[in-house]
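What follows is the content of my_file.cif (mmCIF, C-alpha atoms and all ligand atoms).
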data_entry
#
loop_
_atom_site.label_atom_id
_atom_site.label_comp_id
_atom_site.auth_asym_id
_atom_site.auth_seq_id
_atom_site.Cartn_x
_atom_site.Cartn_y
_atom_site.Cartn_z
CA MET A 1 58.13 -54.86 206.29
CA THR A 2 59.13 -52.93 203.23
CA GLU A 3 58.32 -49.23 203.28
CA ILE A 4 57.86 -47.48 199.97
CA TYR A 5 58.22 -43.74 199.37
CA LEU A 6 55.09 -42.62 197.52
CA ASN A 7 54.32 -38.95 196.81
CA GLY A 8 55.84 -37.55 199.97
CA ASP A 9 54.87 -40.33 202.40
CA PHE A 10 56.35 -43.62 203.48
CA VAL A 11 53.76 -46.39 203.17
CA LEU A 12 53.80 -50.13 203.65
CA GLU A 13 54.31 -52.19 200.50
CA SER A 14 50.75 -53.52 200.73
CA GLU A 15 49.41 -49.95 200.87
CA ALA A 16 51.61 -48.57 198.09
CA LYS A 17 49.07 -48.18 195.30
CA ILE A 18 48.65 -45.80 192.40
CA SER A 19 45.65 -44.77 190.34
CA VAL A 20 44.53 -46.62 187.20
CA TYR A 21 44.47 -43.12 185.65
CA ASP A 22 48.21 -42.63 186.19
CA HIS A 23 49.75 -41.79 182.83
CA GLY A 24 52.80 -43.86 183.72
CA LEU A 25 50.48 -46.87 183.43
CA LEU A 26 48.19 -45.63 180.65
CA TYR A 27 50.89 -44.31 178.30
CA GLY A 28 54.29 -45.23 179.72
CA ASP A 29 54.64 -41.50 180.31
CA GLY A 30 57.38 -41.24 182.88
CA VAL A 31 60.99 -41.99 183.71
CA PHE A 32 62.89 -44.29 186.06
CA GLU A 33 66.27 -45.23 187.50
CA GLY A 34 67.71 -48.51 188.74
CA ILE A 35 70.37 -48.00 191.42
CA ARG A 36 72.39 -50.44 193.55
CA ALA A 37 73.58 -50.28 197.12
CA TYR A 38 76.62 -52.23 198.26
CA SER A 39 77.90 -52.57 201.81
CA LYS A 40 75.61 -49.83 203.22
CA ARG A 41 76.53 -47.34 200.47
CA ILE A 42 74.63 -46.19 197.40
CA PHE A 43 76.80 -46.49 194.32
CA LYS A 44 76.92 -43.46 191.98
CA LEU A 45 73.86 -41.85 193.57
CA LYS A 46 74.58 -38.39 192.15
CA GLU A 47 75.01 -39.78 188.63
CA HIS A 48 71.68 -41.63 188.83
CA VAL A 49 69.82 -38.59 190.19
CA ASP A 50 71.40 -36.40 187.49
CA ARG A 51 70.29 -38.85 184.79
CA LEU A 52 66.78 -39.05 186.26
CA TYR A 53 66.45 -35.27 186.02
CA GLU A 54 67.87 -35.29 182.48
CA SER A 55 65.36 -37.95 181.40
CA ALA A 56 62.56 -35.95 183.04
CA ASN A 57 63.70 -32.69 181.46
CA THR A 58 63.83 -34.31 178.03
CA ILE A 59 60.15 -35.25 178.31
CA SER A 60 59.23 -31.87 179.91
CA LEU A 61 58.35 -33.46 183.24
CA ASN A 62 59.08 -31.26 186.25
CA ILE A 63 60.09 -33.29 189.28
CA PRO A 64 58.57 -31.51 192.30
CA MET A 65 61.77 -31.49 194.41
CA SER A 66 65.37 -30.42 194.10
CA LYS A 67 67.97 -33.04 193.15
CA ASP A 68 69.40 -32.72 196.64
CA GLU A 69 66.04 -33.42 198.28
CA PHE A 70 65.47 -36.35 195.95
CA ALA A 71 68.86 -37.86 196.79
CA LYS A 72 68.06 -37.49 200.51
CA LYS A 73 64.71 -39.27 200.03
CA ILE A 74 66.49 -42.15 198.32
CA VAL A 75 68.93 -42.45 201.23
CA GLU A 76 66.05 -42.26 203.73
CA THR A 77 64.12 -44.99 201.90
CA CYS A 78 67.19 -47.25 202.11
CA ARG A 79 67.66 -46.45 205.80
CA ARG A 80 64.03 -47.19 206.67
CA ASN A 81 64.40 -50.57 204.99
CA ASN A 82 67.68 -51.41 206.78
CA MET A 83 69.46 -51.81 203.51
CA VAL A 84 72.95 -53.27 203.31
CA ASP A 85 73.09 -54.61 199.73
CA GLY A 86 70.13 -53.76 197.59
CA TYR A 87 68.35 -52.55 194.56
CA ILE A 88 66.63 -49.18 194.40
CA ARG A 89 63.96 -48.41 191.83
CA VAL A 90 63.00 -44.78 191.38
CA VAL A 91 59.95 -43.97 189.24
CA VAL A 92 58.57 -40.56 188.34
CA SER A 93 55.48 -40.62 186.16
CA ARG A 94 53.45 -37.81 184.62
CA GLY A 95 50.88 -38.49 187.34
CA VAL A 96 47.13 -38.94 187.47
CA GLY A 97 45.21 -37.60 184.47
CA ASP A 98 42.21 -38.84 182.57
CA LEU A 99 41.77 -41.29 179.71
CA GLY A 100 43.00 -38.76 177.17
CA LEU A 101 46.63 -38.70 176.09
CA SER A 102 47.15 -35.07 177.06
CA PRO A 103 49.92 -34.77 179.66
CA PHE A 104 48.54 -31.33 180.58
CA ARG A 105 45.65 -32.94 182.46
CA CYS A 106 48.16 -34.46 184.88
CA LYS A 107 48.56 -31.95 187.67
CA LYS A 108 51.23 -33.63 189.79
CA PRO A 109 53.91 -36.21 188.97
CA THR A 110 53.79 -39.52 190.83
CA VAL A 111 57.05 -40.15 192.69
CA ILE A 112 57.94 -43.67 193.86
CA ILE A 113 61.10 -44.96 195.55
CA ILE A 114 61.42 -48.69 196.27
CA ALA A 115 64.46 -50.06 198.11
CA LYS A 116 64.69 -53.85 198.22
CA SER A 117 67.40 -56.06 199.57
CA ILE A 118 68.88 -58.47 197.07
CA LYS A 119 71.12 -61.46 197.25
CA LEU A 120 74.23 -60.89 195.20
CA TYR A 121 74.84 -63.48 192.54
CA SER A 122 77.16 -63.69 189.64
CA ASN A 123 77.13 -65.74 186.49
CA GLU A 124 80.65 -67.02 186.06
CA ASN A 125 79.97 -68.92 182.83
CA GLY A 126 79.12 -66.02 180.55
CA LEU A 127 76.07 -65.16 178.47
CA LYS A 128 74.76 -66.25 175.09
CA LEU A 129 73.46 -63.43 172.91
CA ILE A 130 71.51 -63.25 169.69
CA THR A 131 71.23 -60.22 167.45
CA THR A 132 67.57 -59.30 167.56
CA SER A 133 65.61 -58.36 164.43
CA VAL A 134 64.19 -55.44 166.45
CA ARG A 135 66.30 -52.31 165.90
CA ARG A 136 67.03 -49.98 168.81
CA ASN A 137 64.70 -46.97 168.84
CA PRO A 138 66.50 -44.36 166.73
CA PRO A 139 67.05 -40.90 168.22
CA GLN A 140 64.99 -39.53 165.31
CA CYS A 141 61.96 -41.17 166.99
CA LEU A 142 62.80 -41.28 170.68
CA SER A 143 66.11 -40.55 172.36
CA PRO A 144 67.52 -43.80 173.77
CA ASN A 145 69.10 -41.57 176.45
CA ILE A 146 65.68 -41.23 178.11
CA LYS A 147 65.30 -43.95 180.72
CA SER A 148 61.58 -43.97 180.14
CA LEU A 149 58.75 -46.14 181.40
CA ASN A 150 58.29 -47.46 177.89
CA TYR A 151 60.67 -50.38 177.44
CA LEU A 152 58.70 -52.21 174.74
CA ASN A 153 61.55 -51.86 172.24
CA ASN A 154 63.89 -53.58 174.71
CA ILE A 155 61.28 -56.12 175.82
CA LEU A 156 60.60 -57.27 172.24
CA GLY A 157 64.31 -57.97 171.84
CA ARG A 158 64.37 -59.86 175.14
CA ILE A 159 61.39 -61.99 174.02
CA GLU A 160 63.18 -62.88 170.80
CA ALA A 161 66.30 -63.83 172.79
CA HIS A 162 64.18 -66.14 174.97
CA GLN A 163 62.51 -67.72 171.93
CA ARG A 164 65.94 -68.40 170.45
CA ASN A 165 67.31 -69.87 173.71
CA ALA A 166 69.69 -66.99 174.38
CA ASP A 167 70.22 -65.01 177.58
CA GLU A 168 70.16 -61.55 176.06
CA ALA A 169 69.44 -59.61 172.89
CA LEU A 170 72.00 -57.51 171.07
CA PHE A 171 70.42 -54.54 169.28
CA LEU A 172 71.69 -52.87 166.14
CA ASP A 173 70.82 -49.24 165.57
CA ILE A 174 68.83 -48.12 162.55
CA ASP A 175 72.05 -47.81 160.49
CA GLY A 176 73.22 -51.32 161.31
CA TYR A 177 75.83 -50.41 163.92
CA VAL A 178 75.91 -52.35 167.18
CA SER A 179 73.98 -50.38 169.82
CA GLU A 180 73.47 -52.15 173.16
CA ALA A 181 71.63 -55.01 174.87
CA SER A 182 68.10 -54.79 176.35
CA ALA A 183 69.26 -53.32 179.67
CA ASP A 184 73.04 -53.16 179.33
CA ASN A 185 75.73 -51.43 177.30
CA VAL A 186 78.12 -53.50 175.24
CA PHE A 187 81.92 -53.61 174.94
CA TYR A 188 84.31 -55.76 172.90
CA VAL A 189 88.03 -56.38 173.21
CA LYS A 190 90.32 -57.06 170.25
CA GLU A 191 94.10 -57.32 170.60
CA GLY A 192 93.94 -55.47 173.92
CA LEU A 193 91.85 -52.55 172.62
CA ILE A 194 88.51 -52.05 174.40
CA THR A 195 85.71 -50.56 172.27
CA THR A 196 82.17 -49.43 173.07
CA PRO A 197 79.72 -47.53 170.81
CA PRO A 198 78.98 -43.80 171.25
CA THR A 199 75.80 -43.00 173.18
CA ALA A 200 73.65 -41.33 170.50
CA THR A 201 71.86 -44.64 169.92
CA ASN A 202 71.94 -46.21 173.39
CA LEU A 203 71.61 -45.31 177.05
CA LYS A 204 74.43 -43.29 178.63
CA GLY A 205 75.16 -46.08 181.04
CA ILE A 206 76.66 -45.18 184.39
CA THR A 207 78.40 -48.56 184.55
CA ARG A 208 79.69 -47.95 181.01
CA ALA A 209 81.30 -44.65 182.11
CA THR A 210 82.73 -46.35 185.22
CA VAL A 211 84.20 -49.18 183.13
CA LEU A 212 85.85 -46.74 180.72
CA GLU A 213 87.51 -45.07 183.74
CA ILE A 214 88.57 -48.40 185.28
CA ALA A 215 89.99 -49.63 181.96
CA LYS A 216 92.06 -46.47 181.54
CA LYS A 217 93.28 -46.70 185.13
CA LEU A 218 94.36 -50.29 184.53
CA GLY A 219 96.33 -49.12 181.51
CA TYR A 220 94.17 -50.59 178.73
CA ASP A 221 93.56 -48.71 175.50
CA THR A 222 89.93 -47.70 175.11
CA ARG A 223 88.00 -46.32 172.18
CA VAL A 224 84.44 -45.04 171.73
CA SER A 225 83.54 -45.87 168.17
CA HIS A 226 80.81 -47.24 165.93
CA PHE A 227 81.30 -50.87 164.96
CA ILE A 228 79.41 -53.56 163.11
CA LEU A 229 78.33 -57.10 163.83
CA SER A 230 81.34 -58.76 162.19
CA ASP A 231 83.64 -56.79 164.54
CA ILE A 232 81.95 -58.19 167.61
CA HIS A 233 81.58 -61.71 166.14
CA ASN A 234 85.36 -61.77 165.71
CA ALA A 235 86.23 -60.16 169.05
CA ASP A 236 88.60 -61.76 171.57
CA GLU A 237 86.24 -60.82 174.41
CA VAL A 238 82.78 -59.29 174.76
CA PHE A 239 81.04 -58.06 177.90
CA LEU A 240 77.90 -56.20 178.95
CA THR A 241 77.71 -53.49 181.60
CA GLY A 242 74.76 -52.33 183.67
CA THR A 243 73.71 -51.51 187.20
CA ALA A 244 71.88 -54.83 187.58
CA ALA A 245 74.23 -57.05 185.54
CA GLU A 246 77.44 -55.25 186.63
CA ILE A 247 80.12 -56.66 184.30
CA GLU A 248 78.79 -59.73 182.50
CA PRO A 249 81.05 -61.73 180.17
CA VAL A 250 79.55 -62.84 176.83
CA VAL A 251 80.78 -66.14 175.42
CA GLU A 252 78.58 -66.62 172.37
CA ILE A 253 76.81 -64.35 169.88
CA ASP A 254 74.55 -65.70 167.10
CA SER A 255 75.89 -69.24 167.72
CA LYS A 256 79.46 -68.02 167.20
CA LYS A 257 81.92 -68.59 170.00
CA ILE A 258 83.62 -65.44 171.27
CA GLY A 259 87.38 -65.99 171.72
CA ASP A 260 87.86 -69.38 173.35
CA GLY A 261 84.22 -69.48 174.52
CA LYS A 262 85.15 -68.63 178.11
CA PRO A 263 84.90 -65.32 180.00
CA GLY A 264 87.81 -63.13 178.85
CA LYS A 265 90.82 -62.24 180.99
CA ILE A 266 90.50 -58.47 180.52
CA THR A 267 86.75 -58.71 181.23
CA MET A 268 87.42 -60.54 184.50
CA ARG A 269 90.17 -58.09 185.48
CA ILE A 270 87.76 -55.16 184.98
CA LYS A 271 85.01 -57.04 186.83
CA GLU A 272 87.33 -57.56 189.80
CA GLU A 273 88.20 -53.86 189.90
CA TYR A 274 84.51 -52.91 189.56
CA LYS A 275 83.69 -55.10 192.58
CA LYS A 276 86.37 -53.33 194.61
CA LEU A 277 85.04 -49.93 193.59
CA VAL A 278 81.36 -50.63 194.37
CA ASN A 279 82.29 -51.95 197.79
CA SER A 280 84.51 -49.02 198.75
CA THR A 281 82.76 -45.92 197.36
CA GLY A 282 79.28 -44.38 197.34
CA THR A 283 76.93 -42.34 199.48
CA PRO A 284 76.67 -43.75 203.03
CA ILE A 285 73.13 -44.86 203.98
CA TYR A 286 73.85 -44.62 207.73
CA ASP A 287 75.81 -41.87 209.53
N1 LIG B 1 70.99 -49.70 178.43
C1 LIG B 1 69.71 -49.75 178.81
C2 LIG B 1 68.65 -49.75 177.80
C3 LIG B 1 69.41 -49.81 180.19
O1 LIG B 1 68.14 -49.86 180.58
C4 LIG B 1 71.78 -49.77 180.67
C5 LIG B 1 72.01 -49.70 179.32
C6 LIG B 1 72.94 -49.72 181.62
O2 LIG B 1 72.96 -48.49 182.31
P1 LIG B 1 73.53 -48.32 183.78
O3 LIG B 1 73.46 -46.87 184.03
O4 LIG B 1 72.66 -49.14 184.68
O5 LIG B 1 74.92 -48.81 183.73
C7 LIG B 1 70.45 -49.83 181.14
C8 LIG B 1 70.16 -49.91 182.60
C9 LIG B 1 66.23 -53.55 185.57
C10 LIG B 1 67.32 -52.56 185.46
O6 LIG B 1 65.64 -53.65 186.63
C11 LIG B 1 67.66 -52.02 184.24
C12 LIG B 1 68.68 -51.11 184.14
C13 LIG B 1 69.35 -50.72 185.27
C14 LIG B 1 68.99 -51.25 186.49
C15 LIG B 1 67.96 -52.19 186.59
O7 LIG B 1 65.96 -54.24 184.59
N2 LIG B 1 69.00 -50.63 182.91
#

Have the structure of the file written as structure tokens, please.
Amino acid sequence: MTEIYLNGDFVLESEAKISVYDHGLLYGDGVFEGIRAYSKRIFKLKEHVDRLYESANTISLNIPMSKDEFAKKIVETCRRNNMVDGYIRVVVSRGVGDLGLSPFRCKKPTVIIIAKSIKLYSNENGLKLITTSVRRNPPQCLSPNIKSLNYLNNILGRIEAHQRNADEALFLDIDGYVSEASADNVFYVKEGLITTPPTATNLKGITRATVLEIAKKLGYDTRVSHFILSDIHNADEVFLTGTAAEIEPVVEIDSKKIGDGKPGKITMRIKEEYKKLVNSTGTPIYD
């Protein structure tokens, strides 16, 4: 039976309930992380905890534990659920308040850690993307670096992708530069050069940073630079990166074939190296 960490206690899944007055629910006022465990190890735990605290700090939400304690609670939640390969969802909301918007009525953040086993799967055929008409939230309105409980911007893009028979939505930023997908960062390859946009208008993806390191280690040229839709339409290869998706090849964007319409060679080489890394590094769940 799955045990959930909820506000200091471990409770059974069926008992893990929060108030209808929680501002995470009423206003999307809170932050989260999605983390993966592979082969009894939690991948990039420190990086995820650091980002959680950065997201929380950006919205002036004080998490009532040290980073170290939080990391230990995540490990304990995995251990209690006998995790080998799994998905960990961490949520910290503003907590229980009243029906008013004011976050100052919320006395204590709600802290949730869910650790679920997952079957590993991989899509070997590649994804079809459309450019969504919804622009990525600009940093002038809300920093896309906050992994917040309000994903409506991303969800609207995902709905449009579904309506247009695509797997994922590609977002442009407010200036028309390519930003990211609904839950993944984006990369393209042209004549051996691997490019991804800077992170002012998208999430500072942990997989993105890992892929930049892997690419350099493999000897590929990498570049962090703004680019526009025609660059990616004419790329040799395109791929998405994210904790859930890992490295996902893209074979079509806006009905245009990318390269030869098959997952790219460089993409697959990086994917292979990523697999090796996730299965050989990370914080051990068991002693
Ligand atoms: N952009 C956005 C908007 C994201 O939400 C990424 C990029 C990739 O970041 P990481 O650090 O994961 O490489 C994300 C990550 C889920 C889920 O359950 C979503 C994410 C991560 C894990 C699970 O949909 N988003």

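For the set A:Leu101, A:Leu156, A:Leu45, A:Leu203, the residue with the smallest atom-to-atom gap to Thr241 (chain A) is A:Leu203, counting all atoms listed in the file.
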
Sphere at (53.3, -39.5, 193.2), radius 9 Å, counting all atoms listed in the file: residues as number ranges by chain: A: 5-8, 18, 91-96, 108-112

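For ligand LIG 1 (chain B), the set of protein, DNA and RNA residues within 6 Å, based on all atoms listed in the file, reads Gly34, Ser182, Ala183, Asp184, Asn185, Leu203, Gly205, Ile206, Thr207, Arg208, Thr241, Gly242, Thr243 and Ala244 of chain A.
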
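Residues in contact range of Cys106 (chain A), defined as at most 12 Å between all atoms listed in the file, with sequence neighbours fewer than 4 positions away removed, read Ser19, Tyr21, Asp22, His23, Gly24, Leu26, Asp29, Gly30, Leu61, Asn62, Ser93, Arg94, Gly95, Val96, Gly97, Asp98, Leu99, Gly100, Leu101, Ser102 and Thr110 of chain A.
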
Point (85.8, -47.0, 169.4) neighbourhood (9 Å, all atoms listed in the file) written as a PDB file with C-alpha atoms, in the frame of the given file:
ATOM      1  CA  LEU A 193      91.850 -52.550 172.620  1.00  0.00           C
ATOM      2  CA  ILE A 194      88.510 -52.050 174.400  1.00  0.00           C
ATOM      3  CA  THR A 195      85.710 -50.560 172.270  1.00  0.00           C
ATOM      4  CA  THR A 196      82.170 -49.430 173.070  1.00  0.00           C
ATOM      5  CA  PRO A 197      79.720 -47.530 170.810  1.00  0.00           C
ATOM      6  CA  PRO A 198      78.980 -43.800 171.250  1.00  0.00           C
ATOM      7  CA  THR A 222      89.930 -47.700 175.110  1.00  0.00           C
ATOM      8  CA  ARG A 223      88.000 -46.320 172.180  1.00  0.00           C
ATOM      9  CA  VAL A 224      84.440 -45.040 171.730  1.00  0.00           C
ATOM     10  CA  SER A 225      83.540 -45.870 168.170  1.00  0.00           C
ATOM     11  CA  HIS A 226      80.810 -47.240 165.930  1.00  0.00           C
ATOM     12  CA  PHE A 227      81.300 -50.870 164.960  1.00  0.00           C
TER      13      PHE A 227
END

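Interatomic distance, CA of Asp254 (chain A) to CA of Gln140 (chain A): 27.9 Å.
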
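Counting from CA of Pro284 (chain A), the distance to CA of Tyr38 (chain A) is 9.7 Å.
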
Fewer than 2 positions away in the same chain doesn't count, so skip those; otherwise give me all residues within 7 Å of region 54-59 of chain A, counting only C-alpha atoms, as a PyMOL selection string. chain A and resi 31+50-52+61-62+146-147

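Nearest to Tyr53 (chain A) of all the residues A:Ser39, A:Asn234, A:Ser148, A:Ser117 is A:Ser148, counting only C-alpha atoms.
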
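Proximity to Gly219 (chain A) was assessed for A:Ala37, A:Val11, A:Ile266, A:Ile63 counting all atoms listed in the file; the smallest distance is recorded for A:Ile266.
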
Can you sort out region 79-99 of chain A so it carries N, CA, C and O atoms, written as a PDB file, in the coordinates of the input?
ATOM      1  N   ARG A  79      67.458 -46.351 204.353  1.00  0.00           N
ATOM      2  CA  ARG A  79      67.660 -46.450 205.800  1.00  0.00           C
ATOM      3  C   ARG A  79      66.445 -47.093 206.468  1.00  0.00           C
ATOM      4  O   ARG A  79      66.578 -47.984 207.303  1.00  0.00           O
ATOM      5  N   ARG A  80      65.266 -46.648 206.072  1.00  0.00           N
ATOM      6  CA  ARG A  80      64.030 -47.190 206.670  1.00  0.00           C
ATOM      7  C   ARG A  80      63.869 -48.684 206.395  1.00  0.00           C
ATOM      8  O   ARG A  80      63.141 -49.371 207.096  1.00  0.00           O
ATOM      9  N   ASN A  81      64.521 -49.157 205.333  1.00  0.00           N
ATOM     10  CA  ASN A  81      64.400 -50.570 204.990  1.00  0.00           C
ATOM     11  C   ASN A  81      65.655 -51.367 205.377  1.00  0.00           C
ATOM     12  O   ASN A  81      65.869 -52.483 204.889  1.00  0.00           O
ATOM     13  N   ASN A  82      66.478 -50.748 206.251  1.00  0.00           N
ATOM     14  CA  ASN A  82      67.680 -51.410 206.780  1.00  0.00           C
ATOM     15  C   ASN A  82      68.576 -52.007 205.700  1.00  0.00           C
ATOM     16  O   ASN A  82      69.079 -53.126 205.824  1.00  0.00           O
ATOM     17  N   MET A  83      68.735 -51.265 204.652  1.00  0.00           N
ATOM     18  CA  MET A  83      69.460 -51.810 203.510  1.00  0.00           C
ATOM     19  C   MET A  83      70.962 -51.937 203.747  1.00  0.00           C
ATOM     20  O   MET A  83      71.598 -51.045 204.292  1.00  0.00           O
ATOM     21  N   VAL A  84      71.507 -53.067 203.337  1.00  0.00           N
ATOM     22  CA  VAL A  84      72.950 -53.270 203.310  1.00  0.00           C
ATOM     23  C   VAL A  84      73.365 -53.382 201.829  1.00  0.00           C
ATOM     24  O   VAL A  84      74.042 -52.522 201.294  1.00  0.00           O
ATOM     25  N   ASP A  85      72.917 -54.458 201.177  1.00  0.00           N
ATOM     26  CA  ASP A  85      73.090 -54.610 199.730  1.00  0.00           C
ATOM     27  C   ASP A  85      71.704 -54.598 199.120  1.00  0.00           C
ATOM     28  O   ASP A  85      70.820 -55.333 199.580  1.00  0.00           O
ATOM     29  N   GLY A  86      71.497 -53.799 198.109  1.00  0.00           N
ATOM     30  CA  GLY A  86      70.130 -53.760 197.590  1.00  0.00           C
ATOM     31  C   GLY A  86      69.984 -53.107 196.252  1.00  0.00           C
ATOM     32  O   GLY A  86      70.951 -52.629 195.645  1.00  0.00           O
ATOM     33  N   TYR A  87      68.738 -53.123 195.834  1.00  0.00           N
ATOM     34  CA  TYR A  87      68.350 -52.550 194.560  1.00  0.00           C
ATOM     35  C   TYR A  87      67.323 -51.460 194.811  1.00  0.00           C
ATOM     36  O   TYR A  87      66.387 -51.664 195.579  1.00  0.00           O
ATOM     37  N   ILE A  88      67.533 -50.314 194.197  1.00  0.00           N
ATOM     38  CA  ILE A  88      66.630 -49.180 194.400  1.00  0.00           C
ATOM     39  C   ILE A  88      65.990 -48.836 193.065  1.00  0.00           C
ATOM     40  O   ILE A  88      66.696 -48.637 192.064  1.00  0.00           O
ATOM     41  N   ARG A  89      64.688 -48.795 193.040  1.00  0.00           N
ATOM     42  CA  ARG A  89      63.960 -48.410 191.830  1.00  0.00           C
ATOM     43  C   ARG A  89      63.274 -47.077 192.087  1.00  0.00           C
ATOM     44  O   ARG A  89      62.507 -46.954 193.046  1.00  0.00           O
ATOM     45  N   VAL A  90      63.607 -46.097 191.279  1.00  0.00           N
ATOM     46  CA  VAL A  90      63.000 -44.780 191.380  1.00  0.00           C
ATOM     47  C   VAL A  90      62.121 -44.588 190.148  1.00  0.00           C
ATOM     48  O   VAL A  90      62.575 -44.825 189.024  1.00  0.00           O
ATOM     49  N   VAL A  91      60.871 -44.195 190.358  1.00  0.00           N
ATOM     50  CA  VAL A  91      59.950 -43.970 189.240  1.00  0.00           C
ATOM     51  C   VAL A  91      59.311 -42.595 189.405  1.00  0.00           C
ATOM     52  O   VAL A  91      58.843 -42.257 190.495  1.00  0.00           O
ATOM     53  N   VAL A  92      59.330 -41.812 188.344  1.00  0.00           N
ATOM     54  CA  VAL A  92      58.570 -40.560 188.340  1.00  0.00           C
ATOM     55  C   VAL A  92      57.685 -40.584 187.099  1.00  0.00           C
ATOM     56  O   VAL A  92      58.198 -40.649 185.973  1.00  0.00           O
ATOM     57  N   SER A  93      56.373 -40.596 187.315  1.00  0.00           N
ATOM     58  CA  SER A  93      55.480 -40.620 186.160  1.00  0.00           C
ATOM     59  C   SER A  93      54.797 -39.260 186.010  1.00  0.00           C
ATOM     60  O   SER A  93      54.862 -38.420 186.908  1.00  0.00           O
ATOM     61  N   ARG A  94      54.137 -39.077 184.885  1.00  0.00           N
ATOM     62  CA  ARG A  94      53.450 -37.810 184.620  1.00  0.00           C
ATOM     63  C   ARG A  94      52.369 -37.555 185.678  1.00  0.00           C
ATOM     64  O   ARG A  94      51.988 -36.434 185.929  1.00  0.00           O
ATOM     65  N   GLY A  95      51.879 -38.630 186.279  1.00  0.00           N
ATOM     66  CA  GLY A  95      50.880 -38.490 187.340  1.00  0.00           C
ATOM     67  C   GLY A  95      49.479 -38.851 186.875  1.00  0.00           C
ATOM     68  O   GLY A  95      49.291 -39.368 185.774  1.00  0.00           O
ATOM     69  N   VAL A  96      48.518 -38.558 187.732  1.00  0.00           N
ATOM     70  CA  VAL A  96      47.130 -38.940 187.470  1.00  0.00           C
ATOM     71  C   VAL A  96      46.497 -37.928 186.515  1.00  0.00           C
ATOM     72  O   VAL A  96      46.545 -36.723 186.752  1.00  0.00           O
ATOM     73  N   GLY A  97      45.923 -38.449 185.421  1.00  0.00           N
ATOM     74  CA  GLY A  97      45.210 -37.600 184.470  1.00  0.00           C
ATOM     75  C   GLY A  97      43.857 -38.213 184.175  1.00  0.00           C
ATOM     76  O   GLY A  97      43.235 -38.794 185.071  1.00  0.00           O
ATOM     77  N   ASP A  98      43.431 -38.114 182.926  1.00  0.00           N
ATOM     78  CA  ASP A  98      42.210 -38.840 182.570  1.00  0.00           C
ATOM     79  C   ASP A  98      42.542 -39.774 181.406  1.00  0.00           C
ATOM     80  O   ASP A  98      43.705 -39.999 181.102  1.00  0.00           O
ATOM     81  N   LEU A  99      41.505 -40.287 180.742  1.00  0.00           N
ATOM     82  CA  LEU A  99      41.770 -41.290 179.710  1.00  0.00           C
ATOM     83  C   LEU A  99      42.354 -40.693 178.418  1.00  0.00           C
ATOM     84  O   LEU A  99      42.761 -41.436 177.543  1.00  0.00           O
TER      85      LEU A  99
END
